[in-house]
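Shown below: query.csv, with CSV, C-alpha atoms.
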```
chain,number,residue,atom,x,y,z
A,28,MET,CA,-47.1,141.0,-168.4
A,29,THR,CA,-43.7,142.1,-169.6
A,30,ASP,CA,-42.8,143.2,-173.1
A,31,ALA,CA,-41.3,140.3,-175.1
A,32,ALA,CA,-38.3,141.6,-177.2
A,33,ILE,CA,-37.0,139.6,-180.1
A,34,VAL,CA,-33.9,140.3,-182.1
A,35,HIS,CA,-33.1,138.3,-185.3
A,36,SER,CA,-29.5,138.2,-186.5
A,37,THR,CA,-27.4,136.2,-189.0
A,38,PHE,CA,-23.6,135.9,-188.9
A,39,ASN,CA,-21.0,134.1,-191.0
A,40,LEU,CA,-17.6,133.0,-189.9
A,41,GLU,CA,-14.9,131.6,-192.1
A,42,ARG,CA,-11.7,129.8,-191.1
A,43,HIS,CA,-8.9,128.1,-192.9
A,44,TYR,CA,-7.5,125.0,-191.3
A,45,ALA,CA,-4.3,123.2,-192.3
A,46,ALA,CA,-6.0,119.8,-192.4
A,47,PRO,CA,-8.1,118.1,-195.0
A,48,PRO,CA,-11.9,118.4,-194.9
A,49,ASP,CA,-12.4,114.8,-193.6
A,50,THR,CA,-10.1,115.5,-190.6
A,51,VAL,CA,-11.8,118.8,-189.8
A,52,PHE,CA,-15.3,117.2,-190.1
A,53,ALA,CA,-14.2,114.3,-187.8
A,54,ALA,CA,-13.4,116.9,-185.1
A,55,TRP,CA,-17.2,117.8,-185.2
A,56,ALA,CA,-18.3,114.1,-185.3
A,57,ASP,CA,-16.1,112.5,-182.6
A,58,PRO,CA,-17.7,113.1,-179.1
A,59,ALA,CA,-14.4,113.1,-177.2
A,60,VAL,CA,-12.7,115.5,-179.6
A,61,LYS,CA,-15.7,117.8,-179.9
A,62,ALA,CA,-16.1,118.0,-176.1
A,63,ARG,CA,-12.5,119.3,-175.8
A,64,TRP,CA,-12.8,122.2,-178.2
A,65,PHE,CA,-16.5,122.9,-178.1
A,66,ALA,CA,-17.6,122.5,-174.5
A,67,GLY,CA,-14.3,123.2,-172.8
A,68,PRO,CA,-12.8,121.9,-169.5
A,69,GLY,CA,-15.3,121.2,-166.7
A,70,ALA,CA,-18.4,121.4,-168.9
A,71,GLU,CA,-20.7,118.5,-169.5
A,72,HIS,CA,-21.0,117.3,-173.1
A,73,GLU,CA,-23.0,114.6,-174.8
A,74,LEU,CA,-23.1,114.0,-178.6
A,75,ASP,CA,-25.1,111.6,-180.8
A,76,PHE,CA,-23.7,112.6,-184.2
A,77,ARG,CA,-26.3,111.4,-186.7
A,78,VAL,CA,-29.3,112.9,-188.4
A,79,GLY,CA,-31.9,113.3,-185.7
A,80,GLY,CA,-29.3,112.9,-183.0
A,81,PRO,CA,-29.0,115.3,-180.1
A,82,GLU,CA,-26.1,117.2,-178.6
A,83,ARG,CA,-26.1,118.8,-175.2
A,84,ALA,CA,-23.5,120.9,-173.4
A,85,GLY,CA,-23.9,122.5,-170.0
A,86,GLY,CA,-21.9,124.4,-167.4
A,87,ARG,CA,-21.9,127.6,-165.3
A,88,HIS,CA,-21.0,131.1,-166.5
A,89,ASP,CA,-21.3,134.2,-164.3
A,90,GLY,CA,-23.3,132.1,-161.8
A,91,LYS,CA,-25.9,130.9,-164.3
A,92,LEU,CA,-26.4,127.4,-165.5
A,93,LEU,CA,-26.1,127.5,-169.3
A,94,THR,CA,-27.6,124.6,-171.3
A,95,PHE,CA,-26.9,124.3,-175.0
A,96,GLU,CA,-29.0,121.7,-176.9
A,97,SER,CA,-28.9,120.9,-180.6
A,98,ARG,CA,-30.6,118.5,-183.0
A,99,TYR,CA,-28.9,117.4,-186.2
A,100,HIS,CA,-31.1,117.7,-189.3
A,101,ASP,CA,-28.6,117.2,-192.2
A,102,ILE,CA,-25.1,115.6,-192.3
A,103,VAL,CA,-23.1,115.0,-195.4
A,104,PRO,CA,-19.8,113.5,-194.3
A,105,GLY,CA,-16.8,115.8,-195.0
A,106,GLN,CA,-19.1,118.4,-196.6
A,107,ARG,CA,-21.8,119.9,-194.3
A,108,ILE,CA,-23.7,119.9,-191.1
A,109,VAL,CA,-27.0,121.6,-190.4
A,110,CYS,CA,-28.5,121.7,-186.9
A,111,SER,CA,-31.0,123.7,-184.8
A,112,SER,CA,-30.1,124.7,-181.3
A,113,THR,CA,-31.4,126.4,-178.1
A,114,LEU,CA,-29.4,128.1,-175.3
A,115,ALA,CA,-31.0,128.3,-171.9
A,116,ALA,CA,-29.9,130.3,-168.8
A,117,ASP,CA,-31.2,128.9,-165.6
A,118,GLY,CA,-33.9,127.0,-167.5
A,119,THR,CA,-35.1,130.0,-169.6
A,120,VAL,CA,-34.5,129.8,-173.3
A,121,VAL,CA,-32.5,132.8,-174.4
A,122,THR,CA,-31.7,131.9,-178.0
A,123,VAL,CA,-33.0,129.7,-180.8
A,124,SER,CA,-30.8,129.2,-183.9
A,125,VAL,CA,-30.2,127.3,-187.1
A,126,THR,CA,-26.5,126.7,-187.9
A,127,THR,CA,-24.9,125.4,-191.2
A,128,VAL,CA,-21.3,124.4,-191.3
A,129,GLU,CA,-19.7,123.8,-194.7
A,130,PHE,CA,-16.3,122.1,-195.3
A,131,THR,CA,-14.5,122.8,-198.6
A,132,ALA,CA,-11.1,121.6,-199.7
A,133,ASP,CA,-8.7,124.6,-200.0
A,134,GLY,CA,-5.3,123.6,-201.2
A,135,ASP,CA,-3.9,121.2,-198.7
A,136,GLY,CA,-6.4,122.4,-196.1
A,137,THR,CA,-10.0,123.2,-195.4
A,138,ARG,CA,-12.1,126.3,-195.7
A,139,LEU,CA,-14.8,126.2,-193.0
A,140,SER,CA,-17.8,128.4,-193.4
A,141,LEU,CA,-20.3,128.6,-190.5
A,142,THR,CA,-23.6,130.5,-190.9
A,143,GLU,CA,-25.9,131.0,-187.9
A,144,GLN,CA,-29.3,132.5,-188.0
A,145,GLY,CA,-30.4,133.3,-184.5
A,146,THR,CA,-33.4,134.6,-182.6
A,147,TYR,CA,-32.4,136.3,-179.4
A,148,LEU,CA,-35.1,136.5,-176.7
A,149,ASP,CA,-35.8,139.3,-174.2
A,150,GLY,CA,-32.3,140.8,-174.2
A,151,HIS,CA,-30.7,137.8,-172.4
A,152,GLU,CA,-28.1,137.4,-175.1
A,153,GLN,CA,-26.8,139.7,-177.8
A,154,PRO,CA,-25.9,138.6,-181.3
A,155,ALA,CA,-22.4,140.0,-180.9
A,156,TRP,CA,-21.8,137.9,-177.8
A,157,ARG,CA,-22.9,134.7,-179.7
A,158,GLN,CA,-20.7,135.5,-182.6
A,159,GLN,CA,-17.7,136.1,-180.3
A,160,GLY,CA,-18.3,132.9,-178.5
A,161,THR,CA,-18.7,130.9,-181.7
A,162,ALA,CA,-15.5,132.5,-183.1
A,163,SER,CA,-13.7,131.4,-179.9
A,164,GLN,CA,-14.9,127.9,-180.4
A,165,LEU,CA,-13.6,127.9,-184.0
A,166,ASP,CA,-10.2,129.1,-182.6
A,167,ALA,CA,-10.3,126.3,-180.1
A,168,LEU,CA,-10.9,123.9,-183.0
A,169,ALA,CA,-7.8,125.2,-184.7
A,170,ALA,CA,-5.7,124.5,-181.5
A,171,GLU,CA,-7.2,121.0,-181.3
A,172,LEU,CA,-6.3,120.3,-184.9
A,173,THR,CA,-2.8,121.6,-184.4
A,174,ALA,CA,-2.3,119.5,-181.3
A,175,ALA,CA,-3.6,116.4,-183.1
A,176,ALA,CA,-1.2,117.0,-186.0
A,177,THR,CA,1.8,117.3,-183.8
A,178,ALA,CA,0.9,114.3,-181.5
```
Before anything else, please render the file you have as structure tokens.
Amino acid sequence: MTDAAIVHSTFNLERHYAAPPDTVFAAWADPAVKARWFAGPGAEHELDFRVGGPERAGGRHDGKLLTFESRYHDIVPGQRIVCSSTLAADGTVVTVSVTTVEFTADGDGTRLSLTEQGTYLDGHEQPAWRQQGTASQLDALAAELTAAATA
């Protein structure tokens, strides 16, 4: 039997987007839009954006098959999203998390606040890696919103 290691960690990321809350929220709710900024090119992505609905993204990283699965527990259009998620590497669950995303009007734009409470299992992933990856996704969301505004 191996020792099971568990690390608990919480992080909060904030971003300001030059788009109204309904527009930023819609980028989370529209399956085609979310696939572009969240999953990235070449990844599989499925989204059923409703309370109780699932989301799944999958692809390869460093030779491992990564599978991200979420379930939506609370959705208030234009205001907040709450979901729970797992990340598995080659079929082994490496993290379990609860994420809350809040959208607040801020001038002509939106202040987005994302809080993730994670459980990291057996050293397969580190909280700093997850925070960095999530920050990169929020940066990709900014690029998506900018591209949509100039289209």
Using only C-alpha atoms: which of A:Gln159, A:Gln153, A:Thr137, A:Thr177 has the shortest distance to A:Tyr44: A:Thr137
Among listed residues A:Ala59, A:Cys110, A:Ala46, A:Ala162, nearest A:Glu71 (using all atoms listed in the file):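 Looking only at the distances to A:Glu71, the closest residue turns out to be A:Ala59.
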Among the residues A:Ala132, A:Leu165, A:Ser140, A:Thr119, the one that comes closest to A:Glu152 [using only C-alpha atoms]: A:Thr119
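With only C-alpha atoms as the atoms that count, the residue of A:Ser124, A:Thr142, A:Gly69, A:Val51 with the shortest distance to A:Gly105 is A:Val51.
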Nearest residue to A:Ala170 from the set A:Arg42, A:Trp64, A:Thr37, A:Ser97 (distances using all atoms listed in the file):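 Selected residue with least distance to A:Ala170: A:Trp64.
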Interatomic distance (Å, one decimal) between atom CA of A:Phe76 and atom CA of A:His35: 27.4 Å
Distance of atom CA of A:Val109 from atom CA of A:Thr126, expressed in Å to one decimal place: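 Result for atom CA of A:Thr126 versus atom CA of A:Val109: 5.7 Å, one decimal.
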Point-to-point distance in Å for atom CA of A:Pro58 and atom CA of A:Gly85: 14.5 Å
Counting only C-alpha atoms, the option among A:Thr131, A:Ser112, A:Thr50, A:Thr173 closest to A:Gln144: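 Ranked by minimum distance to A:Gln144, first place goes to A:Ser112.
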Neighbour list for stretch 47-49 of chain A as a VMD selection string, cut-off 9 Å, only C-alpha atoms, skip fewer than 3 positions in-chain: chain A and resid 44 52 to 54 104 to 106 130 to 139
Missing atoms in stretch 123-134 of chain A: can you complete it with all heavy atoms, as a short mmCIF file (atom, residue, chain, number, x, y, z; two decimals), in the coordinates of the input?
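Result written to part_37.cif:
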```
data_model
loop_
_atom_site.label_atom_id
_atom_site.label_comp_id
_atom_site.auth_asym_id
_atom_site.auth_seq_id
_atom_site.Cartn_x
_atom_site.Cartn_y
_atom_site.Cartn_z
N VAL A 123 -32.61 130.80 -179.93
CA VAL A 123 -33.00 129.70 -180.80
C VAL A 123 -32.25 129.96 -182.12
O VAL A 123 -32.30 131.08 -182.63
CB VAL A 123 -34.48 129.57 -181.02
CG1 VAL A 123 -34.82 128.41 -181.94
CG2 VAL A 123 -35.22 129.45 -179.69
N SER A 124 -31.56 128.94 -182.67
CA SER A 124 -30.80 129.20 -183.90
C SER A 124 -30.76 128.00 -184.81
O SER A 124 -31.02 126.88 -184.42
CB SER A 124 -29.33 129.57 -183.51
OG SER A 124 -28.72 128.51 -182.81
N VAL A 125 -30.43 128.31 -186.07
CA VAL A 125 -30.20 127.30 -187.10
C VAL A 125 -28.73 127.58 -187.57
O VAL A 125 -28.38 128.72 -187.89
CB VAL A 125 -31.13 127.39 -188.29
CG1 VAL A 125 -30.72 126.43 -189.40
CG2 VAL A 125 -32.55 127.10 -187.83
N THR A 126 -27.90 126.53 -187.56
CA THR A 126 -26.50 126.70 -187.90
C THR A 126 -26.16 125.72 -189.07
O THR A 126 -26.53 124.56 -189.03
CB THR A 126 -25.58 126.37 -186.72
OG1 THR A 126 -25.94 127.24 -185.65
CG2 THR A 126 -24.11 126.56 -187.07
N THR A 127 -25.43 126.24 -190.06
CA THR A 127 -24.90 125.40 -191.20
C THR A 127 -23.41 125.57 -191.16
O THR A 127 -22.87 126.67 -191.10
CB THR A 127 -25.47 125.94 -192.52
OG1 THR A 127 -26.90 125.91 -192.47
CG2 THR A 127 -24.97 125.10 -193.67
N VAL A 128 -22.73 124.42 -191.22
CA VAL A 128 -21.30 124.40 -191.30
C VAL A 128 -20.89 123.69 -192.57
O VAL A 128 -21.33 122.56 -192.82
CB VAL A 128 -20.66 123.64 -190.07
CG1 VAL A 128 -19.14 123.73 -190.10
CG2 VAL A 128 -21.21 124.19 -188.76
N GLU A 129 -20.09 124.37 -193.39
CA GLU A 129 -19.70 123.80 -194.70
C GLU A 129 -18.14 123.62 -194.66
O GLU A 129 -17.41 124.48 -194.17
CB GLU A 129 -20.05 124.72 -195.82
CG GLU A 129 -21.56 124.91 -195.93
CD GLU A 129 -21.92 125.96 -196.94
OE1 GLU A 129 -22.00 127.14 -196.54
OE2 GLU A 129 -22.11 125.59 -198.12
N PHE A 130 -17.69 122.49 -195.20
CA PHE A 130 -16.30 122.10 -195.30
C PHE A 130 -15.88 122.02 -196.72
O PHE A 130 -16.45 121.21 -197.46
CB PHE A 130 -16.04 120.77 -194.58
CG PHE A 130 -16.56 120.71 -193.17
CD1 PHE A 130 -17.90 120.43 -192.92
CD2 PHE A 130 -15.72 120.91 -192.10
CE1 PHE A 130 -18.40 120.36 -191.63
CE2 PHE A 130 -16.20 120.85 -190.79
CZ PHE A 130 -17.55 120.57 -190.56
N THR A 131 -14.92 122.83 -197.18
CA THR A 131 -14.50 122.80 -198.60
C THR A 131 -12.99 122.68 -198.65
O THR A 131 -12.25 123.37 -197.92
CB THR A 131 -14.90 124.19 -199.23
OG1 THR A 131 -16.30 124.41 -199.03
CG2 THR A 131 -14.60 124.17 -200.72
N ALA A 132 -12.54 121.78 -199.53
CA ALA A 132 -11.10 121.60 -199.70
C ALA A 132 -10.54 122.95 -200.24
O ALA A 132 -11.14 123.62 -201.10
CB ALA A 132 -10.83 120.52 -200.74
N ASP A 133 -9.40 123.35 -199.68
CA ASP A 133 -8.70 124.60 -200.00
C ASP A 133 -7.25 124.36 -200.01
O ASP A 133 -6.63 124.41 -198.95
CB ASP A 133 -9.16 125.70 -199.05
CG ASP A 133 -8.64 127.06 -199.42
OD1 ASP A 133 -8.15 127.24 -200.55
OD2 ASP A 133 -8.72 127.98 -198.57
N GLY A 134 -6.68 124.03 -201.17
CA GLY A 134 -5.30 123.60 -201.20
C GLY A 134 -5.09 122.36 -200.44
O GLY A 134 -5.83 121.40 -200.62
#
```
